[in-house]
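Okay, so here's the structure we're looking at.
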Amino acid sequence: MSAGSIDQLAELDFASFKRKVKAAYSLDLDAYKRPQMERRLRANMERCGAATFQQYYAFMQADPKLRDEFLDRVTINVSELFRNPEQFETLRTRVLPELFGEKKDLSVWSAGCSYGAEPYTLSVLLDEAAPTARHTILATDIDDKMLARAQKGIFQESEMRGVSKARLTKYFDITPEGYVAKDVLKRPMRFRKHNMLEDRFQTGFDLILCRNVVIYFTDETKSALYQRFYDSLRPGGFLFVGGTERIADYKEIGFESTISFFYRKPYRN
Ligand SMILES: C[S@@+](CC[C@H](N)C(=O)[O-])C[C@H]1O[C@@H](n2cnc3c(N)ncnc32)[C@H](O)[C@@H]1O
């Protein structure tokens, strides 16, 4: 068989795998950057001895552990509290005062919250800034396992290195299982499974965080997603992106950006 037809077969194999994955898990692999995603999947296939994507899919159907490993591998869960501390400091000193200048109770969304480090960081900052207000923090992820962990609010030492001693003492209990978030942090949280590439977006948010998620998406997917976040914000609200992320076409979408990593929906366009 020629190299060309082997490539074609591999392409058909992958295309059919993508269709099955989309039907079974509502996960659109075309939205993810192909080389990195394929490299990660091939490493998984090698470990379980699958020679083709078809075989890998069949193995996954028979073994839930392989299926969970596949979902983890595509969506990747790495996080910590106060990830990129200088950006959270900007949130605290420049963005939150702007928002609190306009209203008392904030509605915030942490999209792609993983095991919760990001929404718990937000909860600390909101409690410090306005402890008597009734904020809501919607924390969503595509991954059930991560959400179940986030709900418990238990973190390990390595995930807490960005948390000051004072905050640690005030907001966490030290237990044999790890650092457990106190009720005051949990109270504003609502956890929900949500696929940002498929599901409906709630509207009216003052602040949306979508950090270190879109790095795995194609430029086209990113652009469409940022437009949806824009539509989800109330006028005057902010979108906060990750430490290595920029929205290239923010002006076309309608955002203003005067603070790095923050994009504001103007009051009028
Ligand atoms: C690297 S973590 C980022 C966690 C946190 N935002 C941070 O910056 O530390 C990426 C998260 O995005 C989630 N994710 C990936 N694709 C998603 C999708 N289509 N919809 C919702 N969440 C998704 C993954 O499950 C994972 O928990």
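Each chain in the structure tokens gets a letter, A, B and so on, in the order shown; residues start at 1 in every chain, and ligands are counted from 1 in the order they appear.
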
Which of region 16-212 of chain A counts as strand (DSSP E or B) under DSSP, as a JSON list (two decimals) with C-alpha atoms, in the first residue's frame please?
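Result file part04.json:
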[["chain", "number", "residue", "atom", "x", "y", "z"],
["A", 32, "TYR", "CA", -9.19, 21.67, 19.44],
["A", 107, "SER", "CA", -22.51, 38.03, 39.36],
["A", 108, "VAL", "CA", -19.37, 36.24, 38.23],
["A", 109, "TRP", "CA", -18.73, 33.20, 36.00],
["A", 110, "SER", "CA", -15.64, 31.02, 36.10],
["A", 111, "ALA", "CA", -15.87, 29.13, 32.78],
["A", 136, "THR", "CA", -22.95, 34.65, 42.96],
["A", 137, "ILE", "CA", -20.07, 32.74, 41.44],
["A", 138, "LEU", "CA", -21.11, 30.32, 38.71],
["A", 139, "ALA", "CA", -18.35, 27.73, 38.29],
["A", 140, "THR", "CA", -18.65, 25.49, 35.23],
["A", 141, "ASP", "CA", -16.64, 22.79, 33.53],
["A", 154, "ILE", "CA", -10.15, 20.64, 49.11],
["A", 155, "PHE", "CA", -6.73, 21.67, 47.86],
["A", 172, "PHE", "CA", -9.12, 27.49, 54.92],
["A", 173, "ASP", "CA", -9.06, 24.71, 57.51],
["A", 174, "ILE", "CA", -5.98, 22.53, 57.56],
["A", 175, "THR", "CA", -7.04, 18.87, 57.67],
["A", 178, "GLY", "CA", -5.65, 19.00, 52.61],
["A", 179, "TYR", "CA", -6.68, 22.64, 52.84],
["A", 180, "VAL", "CA", -10.47, 22.79, 53.06],
["A", 181, "ALA", "CA", -12.28, 25.97, 51.99],
["A", 189, "MET", "CA", -20.73, 29.20, 44.54],
["A", 190, "ARG", "CA", -22.98, 27.38, 42.07],
["A", 191, "PHE", "CA", -21.35, 24.47, 40.28],
["A", 192, "ARG", "CA", -22.72, 23.27, 36.96],
["A", 193, "LYS", "CA", -21.62, 21.00, 34.15],
["A", 205, "PHE", "CA", -22.56, 38.74, 34.17],
["A", 206, "ASP", "CA", -20.44, 41.53, 35.69],
["A", 207, "LEU", "CA", -17.27, 39.49, 35.28],
["A", 208, "ILE", "CA", -16.37, 36.33, 33.35],
["A", 209, "LEU", "CA", -13.15, 34.41, 33.75],
["A", 210, "CYS", "CA", -12.11, 32.09, 30.96]]

Contacts of Val163 (chain A) within 8 Å, only C-alpha atoms, excl. fewer than 3 positions in-chain, as a PyMOL selection string: chain A and resi 81-82+160+167-168

With N, CA and C atoms retained, export the selected residues as a PDB file, in the first residue's frame.
ATOM      1  N   LEU A  81      -4.569  28.028  43.028  1.00  0.00           N
ATOM      2  CA  LEU A  81      -5.197  29.271  43.488  1.00  0.00           C
ATOM      3  C   LEU A  81      -4.287  30.450  43.137  1.00  0.00           C
ATOM      4  N   PHE A  82      -4.869  31.598  42.850  1.00  0.00           N
ATOM      5  CA  PHE A  82      -4.129  32.808  42.476  1.00  0.00           C
ATOM      6  C   PHE A  82      -3.107  32.520  41.376  1.00  0.00           C
ATOM      7  N   MET A 160      -1.683  25.596  46.611  1.00  0.00           N
ATOM      8  CA  MET A 160      -1.956  26.713  47.521  1.00  0.00           C
ATOM      9  C   MET A 160      -0.779  27.673  47.613  1.00  0.00           C
ATOM     10  N   ARG A 167      -4.458  34.842  54.318  1.00  0.00           N
ATOM     11  CA  ARG A 167      -5.658  34.318  53.632  1.00  0.00           C
ATOM     12  C   ARG A 167      -5.866  32.849  53.962  1.00  0.00           C
ATOM     13  N   LEU A 168      -4.750  32.142  54.064  1.00  0.00           N
ATOM     14  CA  LEU A 168      -4.848  30.718  54.373  1.00  0.00           C
ATOM     15  C   LEU A 168      -5.546  30.510  55.719  1.00  0.00           C
TER      16      LEU A 168
END

Neighbour list for Leu122 (chain A) as a PyMOL selection string, cut-off 9 Å, only C-alpha atoms, skip fewer than 2 positions in-chain: chain A and resi 82+88+108+110+117-120+124-127+137+185

Contacts of ligand 1, 9 Å or closer, only C-alpha atoms and all ligand atoms, given as a ChimeraX atom specification: /A:27-28,31-32,71-72,74-84,110-119,140-144,146-147,193-199,209-217,241-243

Shortest interatomic distance to Met60 (chain A) - which of A:Phe240, A:Arg264, A:Asn44, A:Arg39, counting only C-alpha atoms: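 Comparing A:Phe240, A:Arg264, A:Asn44, A:Arg39 against Met60 (chain A), the winner is A:Asn44.
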
Residue list (helix (DSSP H, G or I), DSSP) for region 60-245 of chain A, as a PyMOL selection string: chain A and resi 60-62+64-75+85-100+117-129+144-152+157-159+165-171+183-186+214-216+219-232

For the residues selected in the previous step, produce a file with C-alpha atoms as a compact mmCIF listing (two decimals), in the first residue's frame.
# COMPACT_ATOMS: atom_id res chain seq x y z
CA MET A 60 -12.95 3.15 25.67
CA GLN A 61 -16.53 1.84 25.40
CA ALA A 62 -15.55 -1.29 27.28
CA PRO A 64 -14.84 3.59 31.75
CA LYS A 65 -11.35 4.23 33.14
CA LEU A 66 -10.01 4.58 29.59
CA ARG A 67 -12.93 6.85 28.72
CA ASP A 68 -12.21 9.15 31.71
CA GLU A 69 -8.53 9.18 30.80
CA PHE A 70 -9.45 10.18 27.24
CA LEU A 71 -11.67 13.08 28.41
CA ASP A 72 -8.95 14.24 30.82
CA ARG A 73 -6.37 14.07 28.10
CA VAL A 74 -8.34 16.27 25.72
CA THR A 75 -9.50 18.83 28.23
CA PRO A 85 -0.85 36.40 41.05
CA GLU A 86 -0.09 39.78 39.46
CA GLN A 87 -3.22 39.48 37.30
CA PHE A 88 -5.40 38.67 40.30
CA GLU A 89 -3.83 41.69 41.99
CA THR A 90 -4.94 43.79 38.99
CA LEU A 91 -8.41 42.29 39.38
CA ARG A 92 -8.41 43.27 43.05
CA THR A 93 -7.00 46.77 42.73
CA ARG A 94 -8.36 47.99 39.38
CA VAL A 95 -11.24 45.90 38.08
CA LEU A 96 -13.24 45.06 41.22
CA PRO A 97 -13.28 48.71 42.41
CA GLU A 98 -14.75 49.70 39.02
CA LEU A 99 -17.44 47.04 39.33
CA PHE A 100 -18.23 47.84 42.98
CA ALA A 117 -8.91 26.82 42.30
CA GLU A 118 -10.13 29.73 40.17
CA PRO A 119 -13.64 30.24 41.65
CA TYR A 120 -12.30 29.83 45.20
CA THR A 121 -9.69 32.53 44.43
CA LEU A 122 -12.54 34.76 43.25
CA SER A 123 -14.51 34.00 46.36
CA VAL A 124 -11.59 35.10 48.55
CA LEU A 125 -11.27 38.41 46.66
CA LEU A 126 -15.02 39.11 46.69
CA ASP A 127 -15.29 38.38 50.40
CA GLU A 128 -12.35 40.66 51.18
CA ALA A 129 -13.78 43.48 49.08
CA ASP A 144 -17.88 15.92 36.04
CA LYS A 145 -14.96 14.58 38.04
CA MET A 146 -13.38 18.02 38.30
CA LEU A 147 -16.70 19.59 39.32
CA ALA A 148 -17.21 16.98 42.04
CA ARG A 149 -13.78 17.84 43.38
CA ALA A 150 -14.43 21.59 43.08
CA GLN A 151 -17.59 21.22 45.12
CA LYS A 152 -15.60 19.75 48.02
CA GLU A 157 -0.12 22.19 49.29
CA SER A 158 1.21 22.59 45.73
CA GLU A 159 -2.06 24.23 44.64
CA LYS A 165 -0.50 33.07 55.22
CA ALA A 166 -3.19 35.53 56.28
CA ARG A 167 -5.66 34.32 53.63
CA LEU A 168 -4.85 30.72 54.37
CA THR A 169 -5.68 31.13 58.05
CA LYS A 170 -8.80 33.17 57.41
CA TYR A 171 -10.36 31.10 54.63
CA ASP A 183 -18.24 27.89 54.23
CA VAL A 184 -17.87 31.61 53.65
CA LEU A 185 -16.04 30.79 50.39
CA LYS A 186 -18.52 28.10 49.37
CA VAL A 214 -9.07 28.32 24.86
CA ILE A 215 -5.35 27.60 24.38
CA TYR A 216 -6.45 24.21 23.11
CA ASP A 219 -8.50 30.43 16.23
CA GLU A 220 -11.93 30.18 14.63
CA THR A 221 -13.43 28.49 17.69
CA LYS A 222 -11.78 31.06 20.00
CA SER A 223 -13.21 33.97 18.07
CA ALA A 224 -16.74 32.59 18.14
CA LEU A 225 -16.40 31.79 21.84
CA TYR A 226 -15.17 35.28 22.77
CA GLN A 227 -18.16 36.71 20.92
CA ARG A 228 -20.45 34.56 23.04
CA PHE A 229 -18.73 35.72 26.24
CA TYR A 230 -19.19 39.31 25.04
CA ASP A 231 -22.92 38.67 24.59
CA SER A 232 -23.05 37.13 28.07

All residues 7 Å or closer to region 248-254 of chain A, only C-alpha atoms, same chain fewer than 2 positions away omitted, as a PyMOL selection string: chain A and resi 227+246+256+265

Those same residues, written as a PDB file, in the first residue's frame with C-alpha atoms?
ATOM      1  CA  GLN A 227     -18.161  36.709  20.915  1.00  0.00           C
ATOM      2  CA  ARG A 246      -4.777  37.805  24.054  1.00  0.00           C
ATOM      3  CA  GLU A 256     -12.378  47.733  24.855  1.00  0.00           C
ATOM      4  CA  LYS A 265     -17.908  45.450  27.124  1.00  0.00           C
TER       5      LYS A 265
END

Best match for closeness to Leu106 (chain A) among A:Pro188, A:Gly162, A:Pro235, A:Pro266, counting only C-alpha atoms: A:Pro188
